[in-house]
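Notes for the one structure printed next.
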Amino acid sequence: MKRILATILVLTSVYSNAQKNLPTIRANSKKVDIKIDGKSVYEDFNNSWWQIDPAAKPDIYKTDKLGSKISFHTDIDSISTEINEETKFDFIILRKKDTAYTQVLYVEPYIKTLQKAGIYDVTQQREIPNFTYLEEKDKQLKKLRKDFQLDSIAGAGNNISKLLNMLHWVHNLIRHDGSSDNPTLKNAVDLIRICKSEKRGVNCRMMATILNECFLSMGYKSRMVTCMPKPLEFDECHVINTVYLEKEKRWIWLDPTFDAYVMDETGQLLGIQEVRERLVNNKPLILNPEANWNRKNSQTKDYYLYTYMAKNLYRLESPLNSTYNYETKENGKTIEYLQLLPLDGINQNPIIQVYKDEKNNVTYKTYITNNPNLFWEE
C-alpha cells in the first residue's frame with residue numbers, strides 16, 4: 001500500500017510540474033477570440049462562442065484545419081501554434097484567480113469521416129412499416145392552413161416556388177435557439193403561439209416540425225429528417241425537412257433553421273441522399289446565397305455543407321408517420337422511426353429498438369435499415 005501511495009504521489013508531482021511548465025497567457029474577460037490563419041472563426045468577438053472554463057481540465061478546442069496556424073486572443077494576451085496531424089497543444093489561461101487548462105487538438109475533418117463511411121446495402125429487405133402522410137383534408141391541417149393564410153404565403157407559382165416561400169416564411173417567423181427547452185405541445189399552431197407569447201425561439205427540431213406540418217397542410221408529402229454524426233452518443237445533431245416532388249419523382253432538401261436548400265451545378269434542387277452522395281464523391285454543390293442563421297450570420301458552403309452537415313449526414317432518421325402533433329407525448333402513444341445506417345462499424349443491432357417512457361407512458365420504436373431505397377421510398 002505504501003509503495004502504491006508513493007507511486008501516486010510521484011505521478012501527481014510529475015503531472016503538477018508538467019502543468020506548471022505549460023505556456024501561459026492572461027485574461028481579464030472570459031471571452032476568447034480564436035483565429036485560423038489570422039481570420040476569426042466567429043463573426044463578432046462580442047458574441048464569441050469560446051469562453052474560459054476553469055472547470056474543464058483540459059478545455060479542448062478541436063480543429064481539422066491541417067497546416068494552418070491557430071491563435072487564441074484574450075482581451076490582453078495571445079498564443080499561437082501550428083496545426084498538424086500530431087497537434088495536441090496544451091496551455092494555460094489565467095484569469096484573476098482562475099486557471100483554465102486549455103488544449104488544441106487536431107481531429108480528422110468530418111468530410112473525411114463521411115467519405116470513409118461504409119457503403120449501404122441496397123439488396124437488404126426487412127419488414128418495416130410503410131411511411132404515411134396525413135392528408136391536407138385533416139381538420140387540424142385545414143385550420144393551420146386557414147389561420148396562417150398559407151395559400152397566400154405559398155403564392156401562385158410552381159411547386160418549387162411555393163415550397164421556398166414557405167421555407168422563408170417559417171425561417172423569418174421563428175427564431176432559432178438551439179439551447180431552448182422543447183415545449184410540451186409539439187405542433188405548428190402551439191409552437192408558433194408559444195414563441196410569440198413568450199418571445200422565445202425553438203431548436204431545429206421544433207422549426208422542422210412547424211414547416212413539416214405547413215407542407216402537409218398544403219398537400220405535400222413531407223418528412224422531418226434527423227441528421228446525426230457517427231458517434232452513437234453526441235451533444236448536437238440537426239433536423240431538416242424533405243419534400244417529395246410528385247412530378248419529378250424525387251425528394252428535395254429544405255432547412256428552416258438556416259433558410260437553406262442545396263443545388264447541383266445546373267441549379268436543380270437536390271435531396272438529402274443526393275447531397276450526401278455528392279459530398280462523399282467530391283461532386284459540385286451549390287448552397288443558396290441567402291442561407292443564414294437568424295438573419296444575423298450568413299452561411300457559407302464550406303462551413304454549412306463540408307463541415308456542419310458533413311458531420312451530421314452520417315446517420316439519418318425519420319418518423320414513419322408524418323402527421324400533426326406526432327411527437328407530443330400522450331398517454332399510451334407509440335412513436336415510430338426508421339433509421340438509415342451505413343455498414344461502417346456502427347452497432348447495427350437490434351434491428352428494432354424499443355424504449356418505453358414510463359413517466360408519460362409513451363413507447364418509442366426505431367427500425368434499423370442499411371438500404372437507402374427503403375428509407376427514400378416514393
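Every chain in the C-alpha cells has a letter given in the order shown (A, B, ...), and although residue numbers restart at 1 in each chain, ligands are simply numbered from 1 in the order shown.
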**Q.** For stretch 62-69 of chain A: contacts at 9 Å, only C-alpha atoms, fewer than 2 positions along chain excluded, given as an MDAnalysis selection string
**A.** chainID A and resid 35:38 60 71 80:85 103:110
For the selection just defined, write its residues with N, CA, C and O atoms to a file, as a short mmCIF file (atom, residue, chain, number, x, y, z; two decimals), in the first residue's frame.
data_model
loop_
_atom_site.label_atom_id
_atom_site.label_comp_id
_atom_site.auth_asym_id
_atom_site.auth_seq_id
_atom_site.Cartn_x
_atom_site.Cartn_y
_atom_site.Cartn_z
N LYS A 35 -8.57 32.53 -33.89
CA LYS A 35 -8.30 32.86 -35.29
C LYS A 35 -7.56 31.70 -35.97
O LYS A 35 -6.65 31.11 -35.38
N ILE A 36 -7.98 31.41 -37.18
CA ILE A 36 -7.30 30.43 -38.03
C ILE A 36 -6.67 31.19 -39.19
O ILE A 36 -7.37 31.86 -39.95
N ASP A 37 -5.34 31.13 -39.27
CA ASP A 37 -4.61 31.89 -40.30
C ASP A 37 -5.01 33.36 -40.30
O ASP A 37 -5.19 33.98 -41.36
N GLY A 38 -5.17 33.89 -39.10
CA GLY A 38 -5.45 35.31 -38.94
C GLY A 38 -6.90 35.71 -39.06
O GLY A 38 -7.24 36.87 -38.81
N ILE A 60 -11.04 21.55 -24.24
CA ILE A 60 -10.47 21.17 -25.53
C ILE A 60 -11.14 21.91 -26.68
O ILE A 60 -12.37 21.94 -26.79
N SER A 71 -4.63 30.67 -33.33
CA SER A 71 -4.24 31.56 -32.24
C SER A 71 -5.45 31.88 -31.37
O SER A 71 -6.56 32.03 -31.85
N SER A 80 -0.20 31.15 -30.00
CA SER A 80 -0.42 30.53 -31.30
C SER A 80 0.31 29.20 -31.40
O SER A 80 1.28 28.94 -30.68
N THR A 81 -0.15 28.36 -32.33
CA THR A 81 0.55 27.12 -32.65
C THR A 81 0.18 26.68 -34.06
O THR A 81 -0.86 27.07 -34.58
N GLU A 82 1.05 25.89 -34.68
CA GLU A 82 0.78 25.33 -35.99
C GLU A 82 0.00 24.03 -35.84
O GLU A 82 0.21 23.26 -34.90
N ILE A 83 -0.91 23.76 -36.77
CA ILE A 83 -1.76 22.58 -36.69
C ILE A 83 -1.24 21.50 -37.63
O ILE A 83 -1.11 21.72 -38.83
N ASN A 84 -0.89 20.35 -37.06
CA ASN A 84 -0.51 19.20 -37.87
C ASN A 84 -1.23 17.97 -37.32
O ASN A 84 -2.01 18.07 -36.37
N GLU A 85 -1.00 16.81 -37.90
CA GLU A 85 -1.73 15.61 -37.50
C GLU A 85 -1.42 15.16 -36.08
O GLU A 85 -2.17 14.38 -35.50
N GLN A 103 -6.60 23.07 -24.32
CA GLN A 103 -5.90 22.20 -25.27
C GLN A 103 -6.44 22.40 -26.68
O GLN A 103 -7.65 22.46 -26.90
N VAL A 104 -5.53 22.51 -27.64
CA VAL A 104 -5.89 22.50 -29.06
C VAL A 104 -5.61 21.10 -29.58
O VAL A 104 -4.48 20.59 -29.45
N LEU A 105 -6.63 20.46 -30.15
CA LEU A 105 -6.50 19.07 -30.59
C LEU A 105 -6.90 18.94 -32.06
O LEU A 105 -7.98 19.36 -32.45
N TYR A 106 -6.01 18.36 -32.86
CA TYR A 106 -6.34 18.11 -34.26
C TYR A 106 -7.24 16.88 -34.36
O TYR A 106 -7.00 15.84 -33.74
N VAL A 107 -8.32 17.00 -35.13
CA VAL A 107 -9.21 15.87 -35.39
C VAL A 107 -9.41 15.73 -36.89
O VAL A 107 -9.26 16.68 -37.65
N GLU A 108 -9.74 14.55 -37.32
CA GLU A 108 -9.98 14.30 -38.74
C GLU A 108 -11.17 15.14 -39.22
O GLU A 108 -12.19 15.22 -38.53
N PRO A 109 -11.09 15.76 -40.38
CA PRO A 109 -12.23 16.53 -40.90
C PRO A 109 -13.47 15.66 -41.05
O PRO A 109 -13.38 14.49 -41.43
N TYR A 110 -14.62 16.25 -40.76
CA TYR A 110 -15.87 15.49 -40.84
C TYR A 110 -16.12 14.95 -42.25
O TYR A 110 -16.66 13.86 -42.41
#
Considering only C-alpha atoms, give me a table of residues in stretch 51-163 of chain A that are at most 8 Å from stretch 216-221 of chain A, with the closest atom pair and distance in Å for each, as a tab-separated table.
residue	atom	partner	partner_atom	distance
A:Tyr133	CA	A:Lys221	CA	6.2
A:Leu134	CA	A:Leu216	CA	6.7
A:Glu135	CA	A:Gly219	CA	6.4
A:Glu136	CA	A:Ser217	CA	4.6
A:Lys137	CA	A:Ser217	CA	7.8
A:Leu141	CA	A:Ser217	CA	4.7
A:Lys142	CA	A:Ser217	CA	6.2
A:Leu144	CA	A:Ser217	CA	7.0
A:Arg145	CA	A:Ser217	CA	5.8
A:Leu150	CA	A:Met218	CA	7.7
A:Asp151	CA	A:Met218	CA	7.7
Selection from above, C-alpha atoms, as an mmCIF file, in the first residue's frame, can you write it?
data_model
loop_
_atom_site.group_PDB
_atom_site.id
_atom_site.type_symbol
_atom_site.label_atom_id
_atom_site.label_comp_id
_atom_site.auth_asym_id
_atom_site.auth_seq_id
_atom_site.Cartn_x
_atom_site.Cartn_y
_atom_site.Cartn_z
ATOM 1 C CA TYR A 133 -48.522 11.145 -44.633
ATOM 2 C CA LEU A 134 -51.511 12.960 -43.158
ATOM 3 C CA GLU A 135 -53.752 14.330 -45.927
ATOM 4 C CA GLU A 136 -54.495 18.038 -46.180
ATOM 5 C CA LYS A 137 -58.220 17.435 -45.604
ATOM 6 C CA LEU A 141 -54.223 20.792 -41.071
ATOM 7 C CA LYS A 142 -57.119 22.700 -42.670
ATOM 8 C CA LEU A 144 -53.465 25.545 -39.788
ATOM 9 C CA ARG A 145 -53.679 26.389 -43.478
ATOM 10 C CA LEU A 150 -50.622 29.595 -46.069
ATOM 11 C CA ASP A 151 -52.093 29.787 -49.573
#
Would you pick out the contacts of stretch 273-283 of chain A at 10 Å or less, using only C-alpha atoms, so that residues sharing its chain but fewer than 6 positions from it are not included, and give the list as a short mmCIF file (atom, residue, chain, number, x, y, z; two decimals) with N, CA and C atoms, in the first residue's frame?
data_model
loop_
_atom_site.label_atom_id
_atom_site.label_comp_id
_atom_site.auth_asym_id
_atom_site.auth_seq_id
_atom_site.Cartn_x
_atom_site.Cartn_y
_atom_site.Cartn_z
N ILE A 111 -15.69 15.69 -43.25
CA ILE A 111 -15.93 15.24 -44.61
C ILE A 111 -15.16 13.95 -44.89
N LYS A 112 -13.95 13.81 -44.31
CA LYS A 112 -13.19 12.57 -44.50
C LYS A 112 -13.85 11.40 -43.78
N THR A 113 -14.37 11.67 -42.58
CA THR A 113 -15.08 10.62 -41.84
C THR A 113 -16.28 10.14 -42.62
N LEU A 114 -17.02 11.08 -43.22
CA LEU A 114 -18.19 10.72 -44.03
C LEU A 114 -17.77 9.93 -45.26
N GLN A 115 -16.69 10.36 -45.91
CA GLN A 115 -16.24 9.69 -47.13
C GLN A 115 -15.73 8.28 -46.85
N LYS A 116 -15.28 8.02 -45.62
CA LYS A 116 -14.79 6.70 -45.25
C LYS A 116 -15.90 5.79 -44.72
N ALA A 117 -17.12 6.34 -44.65
CA ALA A 117 -18.23 5.54 -44.14
C ALA A 117 -18.45 4.33 -45.04
N ARG A 250 -38.80 12.82 -57.03
CA ARG A 250 -37.59 12.94 -56.22
C ARG A 250 -37.84 13.81 -54.99
N TRP A 251 -36.94 13.67 -54.02
CA TRP A 251 -37.00 14.43 -52.78
C TRP A 251 -36.11 15.67 -52.88
N ILE A 252 -36.45 16.72 -52.12
CA ILE A 252 -35.58 17.89 -52.05
C ILE A 252 -35.31 18.28 -50.59
N TRP A 253 -34.21 18.94 -50.38
CA TRP A 253 -33.68 19.34 -49.06
C TRP A 253 -34.18 20.75 -48.75
N VAL A 262 -30.14 23.17 -51.33
CA VAL A 262 -28.89 22.81 -51.99
C VAL A 262 -29.16 22.43 -53.44
N MET A 263 -28.26 22.84 -54.32
CA MET A 263 -28.42 22.60 -55.75
C MET A 263 -27.18 21.94 -56.34
N ASP A 264 -27.37 21.35 -57.53
CA ASP A 264 -26.22 20.86 -58.28
C ASP A 264 -25.72 21.97 -59.20
N GLU A 265 -24.75 21.66 -60.07
CA GLU A 265 -24.14 22.68 -60.90
C GLU A 265 -25.09 23.25 -61.96
N LEU A 305 -22.04 22.91 -45.52
CA LEU A 305 -22.08 21.61 -46.15
C LEU A 305 -20.88 20.73 -45.81
N TYR A 306 -19.67 21.29 -45.93
CA TYR A 306 -18.47 20.46 -45.83
C TYR A 306 -17.98 20.27 -44.39
N MET A 309 -22.83 19.90 -41.97
CA MET A 309 -23.68 18.81 -42.44
C MET A 309 -22.88 17.56 -42.78
N ALA A 310 -21.61 17.70 -43.15
CA ALA A 310 -20.78 16.51 -43.34
C ALA A 310 -20.71 15.71 -42.04
N ASN A 312 -23.10 15.72 -39.77
CA ASN A 312 -24.43 15.26 -39.39
C ASN A 312 -25.14 14.41 -40.43
N LEU A 313 -24.49 14.06 -41.52
CA LEU A 313 -25.13 13.22 -42.52
C LEU A 313 -24.67 11.76 -42.45
N TYR A 314 -24.04 11.42 -41.36
CA TYR A 314 -23.54 10.04 -41.22
C TYR A 314 -24.71 9.07 -41.03
N LEU A 316 -29.13 8.85 -40.58
CA LEU A 316 -30.38 9.57 -40.84
C LEU A 316 -31.55 8.85 -40.17
N PRO A 372 -30.94 2.38 -48.46
CA PRO A 372 -31.47 3.72 -48.68
C PRO A 372 -32.76 3.72 -49.49
N PHE A 375 -35.53 3.69 -47.10
CA PHE A 375 -35.64 4.96 -46.39
C PHE A 375 -36.23 6.05 -47.28
N TRP A 376 -35.87 6.03 -48.56
CA TRP A 376 -36.31 7.06 -49.51
C TRP A 376 -37.38 6.53 -50.46
#
Q: Would you list the contacts of A:Asn361 as a PyMOL selection string, taking every protein, DNA or RNA residue within 6 Å and counting only C-alpha atoms, but skipping same-chain residues closer than 3 positions in sequence?
A: chain A and resi 331-332+357-358
Using only C-alpha atoms, which protein or nucleic acid residues come within 12 Å of A:Glu336? Drop anything in the same chain fewer than 4 positions from it, and give the result as a PDB file with N, CA, C and O atoms, in the first residue's frame.
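Result went into around-v9.pdb, see below:
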ATOM      1  N   ILE A 128     -40.529  -3.531 -42.529  1.00  0.00           N
ATOM      2  CA  ILE A 128     -40.612  -2.193 -41.957  1.00  0.00           C
ATOM      3  C   ILE A 128     -41.949  -1.580 -42.361  1.00  0.00           C
ATOM      4  O   ILE A 128     -42.331  -1.656 -43.536  1.00  0.00           O
ATOM      5  N   PRO A 129     -42.678  -0.981 -41.425  1.00  0.00           N
ATOM      6  CA  PRO A 129     -43.947  -0.328 -41.805  1.00  0.00           C
ATOM      7  C   PRO A 129     -43.722   0.739 -42.861  1.00  0.00           C
ATOM      8  O   PRO A 129     -42.666   1.374 -42.923  1.00  0.00           O
ATOM      9  N   ASN A 130     -44.695   0.957 -43.703  1.00  0.00           N
ATOM     10  CA  ASN A 130     -44.603   1.983 -44.728  1.00  0.00           C
ATOM     11  C   ASN A 130     -44.670   3.380 -44.111  1.00  0.00           C
ATOM     12  O   ASN A 130     -45.280   3.580 -43.060  1.00  0.00           O
ATOM     13  N   PHE A 131     -44.057   4.342 -44.776  1.00  0.00           N
ATOM     14  CA  PHE A 131     -44.220   5.736 -44.388  1.00  0.00           C
ATOM     15  C   PHE A 131     -45.653   6.168 -44.703  1.00  0.00           C
ATOM     16  O   PHE A 131     -46.224   5.775 -45.728  1.00  0.00           O
ATOM     17  N   THR A 132     -46.236   6.971 -43.826  1.00  0.00           N
ATOM     18  CA  THR A 132     -47.571   7.514 -44.058  1.00  0.00           C
ATOM     19  C   THR A 132     -47.534   9.029 -43.923  1.00  0.00           C
ATOM     20  O   THR A 132     -46.692   9.585 -43.201  1.00  0.00           O
ATOM     21  N   GLU A 317     -32.494   9.653 -39.653  1.00  0.00           N
ATOM     22  CA  GLU A 317     -33.663   9.062 -39.000  1.00  0.00           C
ATOM     23  C   GLU A 317     -34.893   9.899 -39.316  1.00  0.00           C
ATOM     24  O   GLU A 317     -34.835  11.127 -39.339  1.00  0.00           O
ATOM     25  N   SER A 318     -36.004   9.233 -39.559  1.00  0.00           N
ATOM     26  CA  SER A 318     -37.231   9.941 -39.909  1.00  0.00           C
ATOM     27  C   SER A 318     -38.431   9.255 -39.262  1.00  0.00           C
ATOM     28  O   SER A 318     -38.481   8.018 -39.186  1.00  0.00           O
ATOM     29  N   PRO A 319     -39.424  10.034 -38.786  1.00  0.00           N
ATOM     30  CA  PRO A 319     -40.660   9.425 -38.276  1.00  0.00           C
ATOM     31  C   PRO A 319     -41.362   8.642 -39.383  1.00  0.00           C
ATOM     32  O   PRO A 319     -41.421   9.093 -40.533  1.00  0.00           O
ATOM     33  N   LEU A 320     -41.890   7.484 -39.049  1.00  0.00           N
ATOM     34  CA  LEU A 320     -42.596   6.683 -40.046  1.00  0.00           C
ATOM     35  C   LEU A 320     -43.965   7.273 -40.372  1.00  0.00           C
ATOM     36  O   LEU A 320     -44.521   7.006 -41.434  1.00  0.00           O
ATOM     37  N   ASN A 321     -44.503   8.072 -39.455  1.00  0.00           N
ATOM     38  CA  ASN A 321     -45.793   8.696 -39.675  1.00  0.00           C
ATOM     39  C   ASN A 321     -45.623  10.205 -39.662  1.00  0.00           C
ATOM     40  O   ASN A 321     -45.305  10.788 -38.625  1.00  0.00           O
ATOM     41  N   SER A 322     -45.807  10.817 -40.819  1.00  0.00           N
ATOM     42  CA  SER A 322     -45.701  12.266 -40.909  1.00  0.00           C
ATOM     43  C   SER A 322     -47.101  12.837 -40.722  1.00  0.00           C
ATOM     44  O   SER A 322     -47.938  12.768 -41.632  1.00  0.00           O
ATOM     45  N   THR A 323     -47.343  13.369 -39.544  1.00  0.00           N
ATOM     46  CA  THR A 323     -48.687  13.781 -39.196  1.00  0.00           C
ATOM     47  C   THR A 323     -48.641  14.991 -38.280  1.00  0.00           C
ATOM     48  O   THR A 323     -47.566  15.509 -37.979  1.00  0.00           O
ATOM     49  N   TYR A 326     -47.213  14.838 -33.964  1.00  0.00           N
ATOM     50  CA  TYR A 326     -46.762  13.450 -33.839  1.00  0.00           C
ATOM     51  C   TYR A 326     -45.873  13.221 -32.621  1.00  0.00           C
ATOM     52  O   TYR A 326     -45.975  12.183 -31.962  1.00  0.00           O
ATOM     53  N   GLU A 327     -44.997  14.151 -32.297  1.00  0.00           N
ATOM     54  CA  GLU A 327     -44.035  13.910 -31.214  1.00  0.00           C
ATOM     55  C   GLU A 327     -44.481  14.465 -29.861  1.00  0.00           C
ATOM     56  O   GLU A 327     -43.721  14.420 -28.901  1.00  0.00           O
ATOM     57  N   ILE A 352     -34.699  -3.737 -34.412  1.00  0.00           N
ATOM     58  CA  ILE A 352     -35.856  -2.990 -33.909  1.00  0.00           C
ATOM     59  C   ILE A 352     -35.551  -2.607 -32.466  1.00  0.00           C
ATOM     60  O   ILE A 352     -35.384  -3.476 -31.605  1.00  0.00           O
ATOM     61  N   GLN A 353     -35.449  -1.328 -32.204  1.00  0.00           N
ATOM     62  CA  GLN A 353     -35.095  -0.836 -30.875  1.00  0.00           C
ATOM     63  C   GLN A 353     -36.324  -0.215 -30.227  1.00  0.00           C
ATOM     64  O   GLN A 353     -36.989   0.630 -30.828  1.00  0.00           O
ATOM     65  N   VAL A 354     -36.614  -0.637 -29.010  1.00  0.00           N
ATOM     66  CA  VAL A 354     -37.814  -0.173 -28.313  1.00  0.00           C
ATOM     67  C   VAL A 354     -37.420   0.470 -26.993  1.00  0.00           C
ATOM     68  O   VAL A 354     -36.626  -0.077 -26.229  1.00  0.00           O
ATOM     69  N   TYR A 355     -37.968   1.654 -26.763  1.00  0.00           N
ATOM     70  CA  TYR A 355     -37.744   2.357 -25.498  1.00  0.00           C
ATOM     71  C   TYR A 355     -39.093   2.803 -24.944  1.00  0.00           C
ATOM     72  O   TYR A 355     -39.920   3.353 -25.664  1.00  0.00           O
ATOM     73  N   LYS A 356     -39.304   2.563 -23.646  1.00  0.00           N
ATOM     74  CA  LYS A 356     -40.573   2.937 -23.008  1.00  0.00           C
ATOM     75  C   LYS A 356     -40.333   4.092 -22.046  1.00  0.00           C
ATOM     76  O   LYS A 356     -39.524   4.011 -21.129  1.00  0.00           O
ATOM     77  N   VAL A 362     -45.296   6.452 -22.949  1.00  0.00           N
ATOM     78  CA  VAL A 362     -45.098   6.576 -24.389  1.00  0.00           C
ATOM     79  C   VAL A 362     -44.030   5.571 -24.822  1.00  0.00           C
ATOM     80  O   VAL A 362     -42.984   5.444 -24.176  1.00  0.00           O
ATOM     81  N   THR A 363     -44.280   4.849 -25.899  1.00  0.00           N
ATOM     82  CA  THR A 363     -43.336   3.868 -26.432  1.00  0.00           C
ATOM     83  C   THR A 363     -42.693   4.419 -27.703  1.00  0.00           C
ATOM     84  O   THR A 363     -43.389   4.896 -28.604  1.00  0.00           O
ATOM     85  N   TYR A 364     -41.366   4.347 -27.754  1.00  0.00           N
ATOM     86  CA  TYR A 364     -40.616   4.757 -28.942  1.00  0.00           C
ATOM     87  C   TYR A 364     -40.042   3.504 -29.597  1.00  0.00           C
ATOM     88  O   TYR A 364     -39.337   2.725 -28.966  1.00  0.00           O
ATOM     89  N   LYS A 365     -40.337   3.334 -30.878  1.00  0.00           N
ATOM     90  CA  LYS A 365     -39.860   2.162 -31.616  1.00  0.00           C
ATOM     91  C   LYS A 365     -39.074   2.629 -32.830  1.00  0.00           C
ATOM     92  O   LYS A 365     -39.596   3.388 -33.655  1.00  0.00           O
ATOM     93  N   THR A 366     -37.820   2.175 -32.951  1.00  0.00           N
ATOM     94  CA  THR A 366     -36.963   2.568 -34.063  1.00  0.00           C
ATOM     95  C   THR A 366     -36.546   1.337 -34.858  1.00  0.00           C
ATOM     96  O   THR A 366     -35.983   0.389 -34.308  1.00  0.00           O
ATOM     97  N   TYR A 367     -36.834   1.353 -36.150  1.00  0.00           N
ATOM     98  CA  TYR A 367     -36.423   0.287 -37.061  1.00  0.00           C
ATOM     99  C   TYR A 367     -35.102   0.693 -37.716  1.00  0.00           C
ATOM    100  O   TYR A 367     -34.908   1.863 -38.065  1.00  0.00           O
ATOM    101  N   ILE A 368     -34.207  -0.275 -37.902  1.00  0.00           N
ATOM    102  CA  ILE A 368     -32.887  -0.015 -38.477  1.00  0.00           C
ATOM    103  C   ILE A 368     -32.802  -0.639 -39.869  1.00  0.00           C
ATOM    104  O   ILE A 368     -33.200  -1.793 -40.072  1.00  0.00           O
TER     105      ILE A 368
END
